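File shown: my_file-v5.cif (mmCIF, N, CA and C atoms).
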```cif
data_upload
#
loop_
_atom_site.label_atom_id
_atom_site.label_comp_id
_atom_site.auth_asym_id
_atom_site.auth_seq_id
_atom_site.Cartn_x
_atom_site.Cartn_y
_atom_site.Cartn_z
N MET Q 1 9.71 -23.77 -56.77
CA MET Q 1 8.71 -24.71 -56.33
C MET Q 1 9.20 -25.49 -55.11
N ARG Q 2 10.48 -25.84 -55.15
CA ARG Q 2 11.06 -26.59 -54.04
C ARG Q 2 11.04 -25.75 -52.75
N ASN Q 3 11.31 -24.44 -52.88
CA ASN Q 3 11.28 -23.55 -51.72
C ASN Q 3 9.87 -23.45 -51.14
N LEU Q 4 8.88 -23.45 -51.99
CA LEU Q 4 7.49 -23.40 -51.54
C LEU Q 4 7.12 -24.65 -50.76
N ILE Q 5 7.58 -25.80 -51.20
CA ILE Q 5 7.31 -27.06 -50.49
C ILE Q 5 8.01 -27.05 -49.14
N LYS Q 6 9.25 -26.54 -49.08
CA LYS Q 6 9.97 -26.46 -47.82
C LYS Q 6 9.27 -25.52 -46.85
N LEU Q 7 8.80 -24.40 -47.35
CA LEU Q 7 8.08 -23.44 -46.51
C LEU Q 7 6.80 -24.07 -45.97
N PHE Q 8 6.05 -24.74 -46.82
CA PHE Q 8 4.82 -25.39 -46.40
C PHE Q 8 5.11 -26.47 -45.35
N ALA Q 9 6.15 -27.26 -45.55
CA ALA Q 9 6.52 -28.30 -44.59
C ALA Q 9 6.91 -27.69 -43.26
N PHE Q 10 7.66 -26.59 -43.29
CA PHE Q 10 8.06 -25.92 -42.06
C PHE Q 10 6.85 -25.38 -41.31
N LEU Q 11 5.92 -24.73 -42.01
CA LEU Q 11 4.72 -24.20 -41.37
C LEU Q 11 3.86 -25.31 -40.80
N LEU Q 12 3.76 -26.43 -41.47
CA LEU Q 12 3.01 -27.57 -40.97
C LEU Q 12 3.65 -28.12 -39.70
N PHE Q 13 4.98 -28.23 -39.70
CA PHE Q 13 5.71 -28.69 -38.53
C PHE Q 13 5.52 -27.72 -37.36
N LEU Q 14 5.63 -26.43 -37.62
CA LEU Q 14 5.45 -25.41 -36.60
C LEU Q 14 4.04 -25.46 -36.01
N GLY Q 15 3.04 -25.61 -36.86
CA GLY Q 15 1.66 -25.73 -36.39
C GLY Q 15 1.45 -26.96 -35.53
N ALA Q 16 2.09 -28.07 -35.90
CA ALA Q 16 1.96 -29.31 -35.13
C ALA Q 16 2.58 -29.16 -33.74
N ILE Q 17 3.60 -28.34 -33.61
CA ILE Q 17 4.25 -28.11 -32.32
C ILE Q 17 3.45 -27.11 -31.48
N LEU Q 18 3.02 -26.01 -32.07
CA LEU Q 18 2.38 -24.94 -31.31
C LEU Q 18 0.95 -25.25 -30.90
N PHE Q 19 0.21 -25.99 -31.69
CA PHE Q 19 -1.18 -26.26 -31.36
C PHE Q 19 -1.33 -27.01 -30.03
N PRO Q 20 -0.63 -28.12 -29.80
CA PRO Q 20 -0.78 -28.80 -28.50
C PRO Q 20 -0.30 -27.96 -27.33
N VAL Q 21 0.74 -27.15 -27.53
CA VAL Q 21 1.25 -26.32 -26.45
C VAL Q 21 0.21 -25.28 -26.05
N SER Q 22 -0.43 -24.64 -27.01
CA SER Q 22 -1.43 -23.63 -26.67
C SER Q 22 -2.67 -24.27 -26.07
N ALA Q 23 -3.04 -25.43 -26.51
CA ALA Q 23 -4.20 -26.12 -25.92
C ALA Q 23 -3.90 -26.53 -24.49
N PHE Q 24 -2.68 -26.97 -24.21
CA PHE Q 24 -2.31 -27.34 -22.85
C PHE Q 24 -2.28 -26.13 -21.94
N ALA Q 25 -1.77 -25.01 -22.42
CA ALA Q 25 -1.65 -23.81 -21.60
C ALA Q 25 -3.01 -23.21 -21.26
N SER Q 26 -4.00 -23.39 -22.10
CA SER Q 26 -5.29 -22.78 -21.83
C SER Q 26 -6.27 -23.71 -21.14
N SER Q 27 -5.88 -24.92 -20.84
CA SER Q 27 -6.80 -25.84 -20.18
C SER Q 27 -6.90 -25.51 -18.70
N SER Q 28 -8.02 -25.80 -18.10
CA SER Q 28 -8.24 -25.58 -16.68
C SER Q 28 -8.46 -26.92 -16.01
N SER Q 29 -7.76 -27.14 -14.91
CA SER Q 29 -7.88 -28.43 -14.24
C SER Q 29 -8.87 -28.40 -13.09
N GLY Q 30 -9.40 -27.23 -12.75
CA GLY Q 30 -10.31 -27.13 -11.61
C GLY Q 30 -11.74 -26.90 -12.03
N THR Q 31 -12.66 -27.17 -11.12
CA THR Q 31 -14.07 -26.94 -11.39
C THR Q 31 -14.59 -25.72 -10.65
N GLU Q 32 -13.73 -25.08 -9.84
CA GLU Q 32 -14.16 -23.92 -9.09
C GLU Q 32 -14.16 -22.68 -9.97
N ILE Q 33 -14.95 -21.68 -9.56
CA ILE Q 33 -14.94 -20.44 -10.31
C ILE Q 33 -13.72 -19.63 -9.89
N SER Q 34 -13.16 -18.91 -10.80
CA SER Q 34 -12.05 -18.02 -10.50
C SER Q 34 -11.97 -16.99 -11.60
N GLY Q 35 -11.32 -15.91 -11.32
CA GLY Q 35 -11.19 -14.89 -12.33
C GLY Q 35 -10.32 -13.76 -11.88
N GLU Q 36 -9.76 -13.05 -12.84
CA GLU Q 36 -8.92 -11.91 -12.55
C GLU Q 36 -9.01 -10.99 -13.75
N GLY Q 37 -9.29 -9.74 -13.51
CA GLY Q 37 -9.36 -8.81 -14.62
C GLY Q 37 -10.18 -7.59 -14.30
N ALA Q 38 -10.37 -6.78 -15.28
CA ALA Q 38 -11.08 -5.53 -15.09
C ALA Q 38 -12.59 -5.70 -15.17
N ALA Q 39 -13.04 -6.83 -15.62
CA ALA Q 39 -14.47 -7.11 -15.71
C ALA Q 39 -14.70 -8.56 -15.29
N GLN Q 40 -15.93 -8.95 -15.22
CA GLN Q 40 -16.25 -10.31 -14.81
C GLN Q 40 -15.67 -11.31 -15.81
N ILE Q 41 -14.95 -12.31 -15.29
CA ILE Q 41 -14.39 -13.36 -16.13
C ILE Q 41 -14.86 -14.68 -15.55
N SER Q 42 -16.02 -15.11 -15.93
CA SER Q 42 -16.63 -16.36 -15.47
C SER Q 42 -16.43 -16.57 -13.99
N GLY Q 43 -16.50 -15.52 -13.23
CA GLY Q 43 -16.28 -15.62 -11.79
C GLY Q 43 -17.26 -14.76 -11.03
N TRP Q 44 -16.78 -13.73 -10.40
CA TRP Q 44 -17.58 -12.91 -9.51
C TRP Q 44 -17.88 -11.54 -10.12
N SER Q 45 -19.00 -10.99 -9.69
CA SER Q 45 -19.31 -9.59 -9.97
C SER Q 45 -19.06 -8.82 -8.69
N ILE Q 46 -18.52 -7.62 -8.81
CA ILE Q 46 -18.16 -6.80 -7.66
C ILE Q 46 -19.13 -5.62 -7.60
N SER Q 47 -19.60 -5.32 -6.39
CA SER Q 47 -20.50 -4.19 -6.21
C SER Q 47 -20.23 -3.52 -4.87
N ASN Q 48 -20.88 -2.39 -4.64
CA ASN Q 48 -20.81 -1.65 -3.37
C ASN Q 48 -19.37 -1.35 -2.95
N ILE Q 49 -18.59 -0.78 -3.83
CA ILE Q 49 -17.21 -0.45 -3.52
C ILE Q 49 -17.18 0.83 -2.68
N HIS Q 50 -16.48 0.76 -1.53
CA HIS Q 50 -16.36 1.90 -0.63
C HIS Q 50 -14.90 2.06 -0.23
N TYR Q 51 -14.40 3.29 -0.32
CA TYR Q 51 -13.04 3.61 0.09
C TYR Q 51 -13.09 4.38 1.39
N GLU Q 52 -12.24 4.00 2.35
CA GLU Q 52 -12.12 4.74 3.61
C GLU Q 52 -10.80 5.49 3.59
N LEU Q 53 -10.87 6.78 3.83
CA LEU Q 53 -9.66 7.59 3.84
C LEU Q 53 -8.96 7.49 5.19
N SER Q 54 -7.65 7.66 5.18
CA SER Q 54 -6.88 7.64 6.43
C SER Q 54 -7.01 9.00 7.12
N ASP Q 55 -6.27 9.17 8.23
CA ASP Q 55 -6.30 10.46 8.93
C ASP Q 55 -5.86 11.59 8.02
N ASP Q 56 -4.90 11.29 7.16
CA ASP Q 56 -4.51 12.23 6.10
C ASP Q 56 -5.39 11.90 4.89
N PRO Q 57 -6.35 12.74 4.55
CA PRO Q 57 -7.32 12.39 3.51
C PRO Q 57 -6.74 12.24 2.11
N SER Q 58 -5.45 12.43 1.94
CA SER Q 58 -4.84 12.19 0.63
C SER Q 58 -4.44 10.73 0.46
N PHE Q 59 -4.62 9.92 1.51
CA PHE Q 59 -4.30 8.50 1.46
C PHE Q 59 -5.54 7.65 1.74
N ILE Q 60 -5.56 6.45 1.18
CA ILE Q 60 -6.65 5.50 1.41
C ILE Q 60 -6.22 4.55 2.52
N ALA Q 61 -7.09 4.32 3.48
CA ALA Q 61 -6.80 3.40 4.58
C ALA Q 61 -7.30 1.99 4.28
N SER Q 62 -8.47 1.90 3.64
CA SER Q 62 -9.02 0.58 3.32
C SER Q 62 -10.05 0.70 2.20
N VAL Q 63 -10.38 -0.44 1.66
CA VAL Q 63 -11.42 -0.52 0.64
C VAL Q 63 -12.30 -1.72 0.99
N ALA Q 64 -13.59 -1.57 0.79
CA ALA Q 64 -14.54 -2.65 1.07
C ALA Q 64 -15.46 -2.82 -0.13
N PHE Q 65 -15.89 -4.04 -0.37
CA PHE Q 65 -16.76 -4.33 -1.51
C PHE Q 65 -17.48 -5.65 -1.28
N ASP Q 66 -18.47 -5.91 -2.12
CA ASP Q 66 -19.23 -7.15 -2.06
C ASP Q 66 -18.99 -7.97 -3.31
N LEU Q 67 -18.92 -9.28 -3.14
CA LEU Q 67 -18.90 -10.23 -4.25
C LEU Q 67 -20.29 -10.85 -4.36
N ASP Q 68 -20.61 -11.42 -5.49
CA ASP Q 68 -21.94 -12.02 -5.66
C ASP Q 68 -21.97 -13.50 -5.35
N ALA Q 69 -20.84 -14.07 -4.89
CA ALA Q 69 -20.76 -15.49 -4.54
C ALA Q 69 -19.64 -15.67 -3.52
N PRO Q 70 -19.63 -16.77 -2.80
CA PRO Q 70 -18.57 -16.97 -1.81
C PRO Q 70 -17.20 -17.16 -2.46
N ALA Q 71 -16.17 -16.76 -1.73
CA ALA Q 71 -14.79 -16.92 -2.19
C ALA Q 71 -13.92 -17.33 -1.01
N GLY Q 72 -12.82 -18.00 -1.30
CA GLY Q 72 -11.92 -18.44 -0.24
C GLY Q 72 -10.85 -17.41 0.07
N ARG Q 73 -10.24 -16.85 -0.95
CA ARG Q 73 -9.20 -15.84 -0.80
C ARG Q 73 -9.44 -14.71 -1.80
N VAL Q 74 -9.22 -13.49 -1.33
CA VAL Q 74 -9.45 -12.31 -2.18
C VAL Q 74 -8.31 -11.33 -1.94
N ALA Q 75 -7.84 -10.70 -3.01
CA ALA Q 75 -6.82 -9.66 -2.92
C ALA Q 75 -7.19 -8.55 -3.90
N VAL Q 76 -6.69 -7.34 -3.63
CA VAL Q 76 -7.02 -6.18 -4.44
C VAL Q 76 -5.74 -5.40 -4.75
N LYS Q 77 -5.71 -4.79 -5.94
CA LYS Q 77 -4.61 -3.91 -6.36
C LYS Q 77 -5.21 -2.60 -6.84
N LEU Q 78 -4.62 -1.47 -6.42
CA LEU Q 78 -5.20 -0.17 -6.72
C LEU Q 78 -4.34 0.70 -7.64
N ILE Q 79 -3.07 0.35 -7.82
CA ILE Q 79 -2.17 1.15 -8.66
C ILE Q 79 -1.62 0.22 -9.74
N SER Q 80 -1.88 0.55 -10.99
CA SER Q 80 -1.52 -0.35 -12.09
C SER Q 80 -0.02 -0.55 -12.25
N SER Q 81 0.79 0.43 -11.91
CA SER Q 81 2.24 0.31 -12.11
C SER Q 81 2.93 -0.48 -11.00
N GLU Q 82 2.22 -0.81 -9.92
CA GLU Q 82 2.80 -1.59 -8.83
C GLU Q 82 2.42 -3.05 -8.97
N THR Q 83 3.17 -3.90 -8.28
CA THR Q 83 2.91 -5.34 -8.34
C THR Q 83 2.26 -5.87 -7.08
N ASP Q 84 2.16 -5.05 -6.05
CA ASP Q 84 1.62 -5.50 -4.76
C ASP Q 84 0.11 -5.60 -4.78
N PHE Q 85 -0.38 -6.74 -4.28
CA PHE Q 85 -1.80 -6.92 -4.03
C PHE Q 85 -2.00 -6.90 -2.52
N TYR Q 86 -3.10 -6.33 -2.06
CA TYR Q 86 -3.41 -6.28 -0.64
C TYR Q 86 -4.43 -7.37 -0.34
N GLN Q 87 -4.11 -8.21 0.67
CA GLN Q 87 -4.98 -9.30 1.05
C GLN Q 87 -6.23 -8.75 1.74
N CYS Q 88 -7.34 -9.39 1.51
CA CYS Q 88 -8.62 -8.96 2.07
C CYS Q 88 -9.12 -9.99 3.07
N THR Q 89 -9.97 -9.54 3.97
CA THR Q 89 -10.59 -10.43 4.95
C THR Q 89 -12.10 -10.41 4.74
N ASN Q 90 -12.70 -11.55 4.98
CA ASN Q 90 -14.15 -11.68 4.83
C ASN Q 90 -14.80 -11.10 6.07
N ALA Q 91 -15.60 -10.07 5.88
CA ALA Q 91 -16.27 -9.39 6.98
C ALA Q 91 -17.67 -9.95 7.23
N GLY Q 92 -18.06 -10.94 6.47
CA GLY Q 92 -19.37 -11.55 6.64
C GLY Q 92 -20.06 -11.74 5.31
N ALA Q 93 -20.61 -12.92 5.14
CA ALA Q 93 -21.31 -13.29 3.90
C ALA Q 93 -20.39 -13.06 2.70
N TYR Q 94 -20.77 -12.16 1.81
CA TYR Q 94 -19.97 -11.91 0.61
C TYR Q 94 -19.24 -10.57 0.67
N HIS Q 95 -19.16 -9.97 1.86
CA HIS Q 95 -18.55 -8.65 2.04
C HIS Q 95 -17.07 -8.81 2.40
N TRP Q 96 -16.20 -8.09 1.70
CA TRP Q 96 -14.76 -8.17 1.90
C TRP Q 96 -14.19 -6.80 2.23
N GLU Q 97 -13.18 -6.77 3.13
CA GLU Q 97 -12.49 -5.54 3.50
C GLU Q 97 -10.99 -5.74 3.34
N CYS Q 98 -10.33 -4.73 2.76
CA CYS Q 98 -8.90 -4.82 2.48
C CYS Q 98 -8.20 -3.59 3.05
N GLY Q 99 -7.28 -3.80 3.97
CA GLY Q 99 -6.46 -2.70 4.46
C GLY Q 99 -5.34 -2.43 3.46
N VAL Q 100 -5.13 -1.17 3.15
CA VAL Q 100 -4.07 -0.81 2.19
C VAL Q 100 -3.11 0.15 2.88
N GLN Q 101 -1.88 0.23 2.36
CA GLN Q 101 -0.87 1.09 2.96
C GLN Q 101 -0.23 1.96 1.89
N ASP Q 102 -0.02 3.22 2.24
CA ASP Q 102 0.71 4.15 1.39
C ASP Q 102 0.13 4.28 -0.01
N VAL Q 103 -1.18 4.24 -0.14
CA VAL Q 103 -1.81 4.44 -1.44
C VAL Q 103 -2.42 5.84 -1.46
N LYS Q 104 -1.82 6.71 -2.28
CA LYS Q 104 -2.36 8.06 -2.40
C LYS Q 104 -3.59 8.03 -3.30
N VAL Q 105 -4.57 8.80 -2.93
CA VAL Q 105 -5.80 8.88 -3.72
C VAL Q 105 -5.47 9.32 -5.15
N SER Q 106 -4.54 10.25 -5.28
CA SER Q 106 -4.20 10.77 -6.61
C SER Q 106 -3.46 9.76 -7.48
N SER Q 107 -2.83 8.74 -6.89
CA SER Q 107 -2.10 7.75 -7.69
C SER Q 107 -2.93 6.50 -7.97
N MET Q 108 -4.09 6.38 -7.38
CA MET Q 108 -4.94 5.21 -7.60
C MET Q 108 -5.56 5.30 -9.00
N ASP Q 109 -5.29 4.27 -9.84
CA ASP Q 109 -5.79 4.32 -11.21
C ASP Q 109 -6.45 3.02 -11.67
N GLU Q 110 -6.63 2.08 -10.75
CA GLU Q 110 -7.35 0.86 -11.12
C GLU Q 110 -7.93 0.22 -9.86
N PHE Q 111 -8.88 -0.69 -10.10
CA PHE Q 111 -9.44 -1.50 -9.02
C PHE Q 111 -9.47 -2.93 -9.53
N ARG Q 112 -8.42 -3.67 -9.23
CA ARG Q 112 -8.28 -5.06 -9.73
C ARG Q 112 -8.44 -6.00 -8.56
N VAL Q 113 -9.35 -6.95 -8.71
CA VAL Q 113 -9.62 -7.94 -7.66
C VAL Q 113 -9.28 -9.32 -8.20
N ILE Q 114 -8.55 -10.08 -7.39
CA ILE Q 114 -8.29 -11.47 -7.70
C ILE Q 114 -8.95 -12.29 -6.60
N ALA Q 115 -9.80 -13.21 -6.99
CA ALA Q 115 -10.51 -14.05 -6.03
C ALA Q 115 -10.35 -15.51 -6.42
N VAL Q 116 -10.26 -16.36 -5.41
CA VAL Q 116 -10.14 -17.80 -5.61
C VAL Q 116 -11.26 -18.46 -4.82
N GLY Q 117 -11.93 -19.40 -5.43
CA GLY Q 117 -13.04 -20.09 -4.78
C GLY Q 117 -12.61 -20.92 -3.59
N ASP Q 118 -13.59 -21.34 -2.82
CA ASP Q 118 -13.32 -22.16 -1.63
C ASP Q 118 -12.62 -23.43 -1.94
#
```
Can the structure from this file be put into structure tokens for me?
Amino acid sequence: MRNLIKLFAFLLFLGAILFPVSAFASSSSGTEISGEGAAQISGWSISNIHYELSDDPSFIASVAFDLDAPAGRVAVKLISSETDFYQCTNAGAYHWECGVQDVKVSSMDEFRVIAVGD
């Protein structure tokens, strides 16, 4: 019985420590929209994705797409095993273009966009 009380006290103590930490980590301090992921995360929807091939058609030279709302900064990643994101430039309104380097068409396995509001 004494061990059960100790276990319960330990779990209560652990819960008291972890609950505020997780609440703090998940809070958002900004009012702007933002999102990152494979689908819309309370941010932008992506449409009209176009890939431009380089002179060697086994490589991608650039990618262009539209967002459904304005954004301040946008970056794209095309290979899941790499950590590099390619910065994009606003080509007008909600249209973005991203120059990429050394991305083989055969190794491209994702289209991940990170956007930050104005």
Q: Within 6.5 Å of region 63-71 of chain Q, counting all atoms listed in the file, which residues show up once you throw out same-chain ones fewer than 5 positions away? Write them as a list in words, please.
A: Trp44, Ser45, Ile46, Ser47, Asn48, Ile49, His50, Tyr51, Glu52, Ala93, Tyr94, His95, Trp96, Glu97, Cys98, Gly99, Val100, Ala115, Val116, Gly117 and Asp118 of chain Q
Q. Which is closest to Ala61 (chain Q) among Q:Cys88, Q:Val74, Q:Ile79, Q:Lys104, if we use only C-alpha atoms?
A.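 Closest candidate: Q:Lys104.
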Q) Could you work out how far atom C of Gly72 (chain Q) lies from CA of Arg112 (chain Q), giving the answer in Å with one decimal? A)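 These atoms are spaced 16.0 Å apart.
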(Q) Between atom C of Ala75 (chain Q) and CA of Ser106 (chain Q), what distance in Å does the model show, to one decimal? (A) 19.7 Å
Q.
Could you list, as a PyMOL selection string, every residue matched by the PyMOL selection byres (((chain Q and resi 85 and name CA) around 6) and name CA) in this structure?
A. chain Q and resi 75-77+84+86
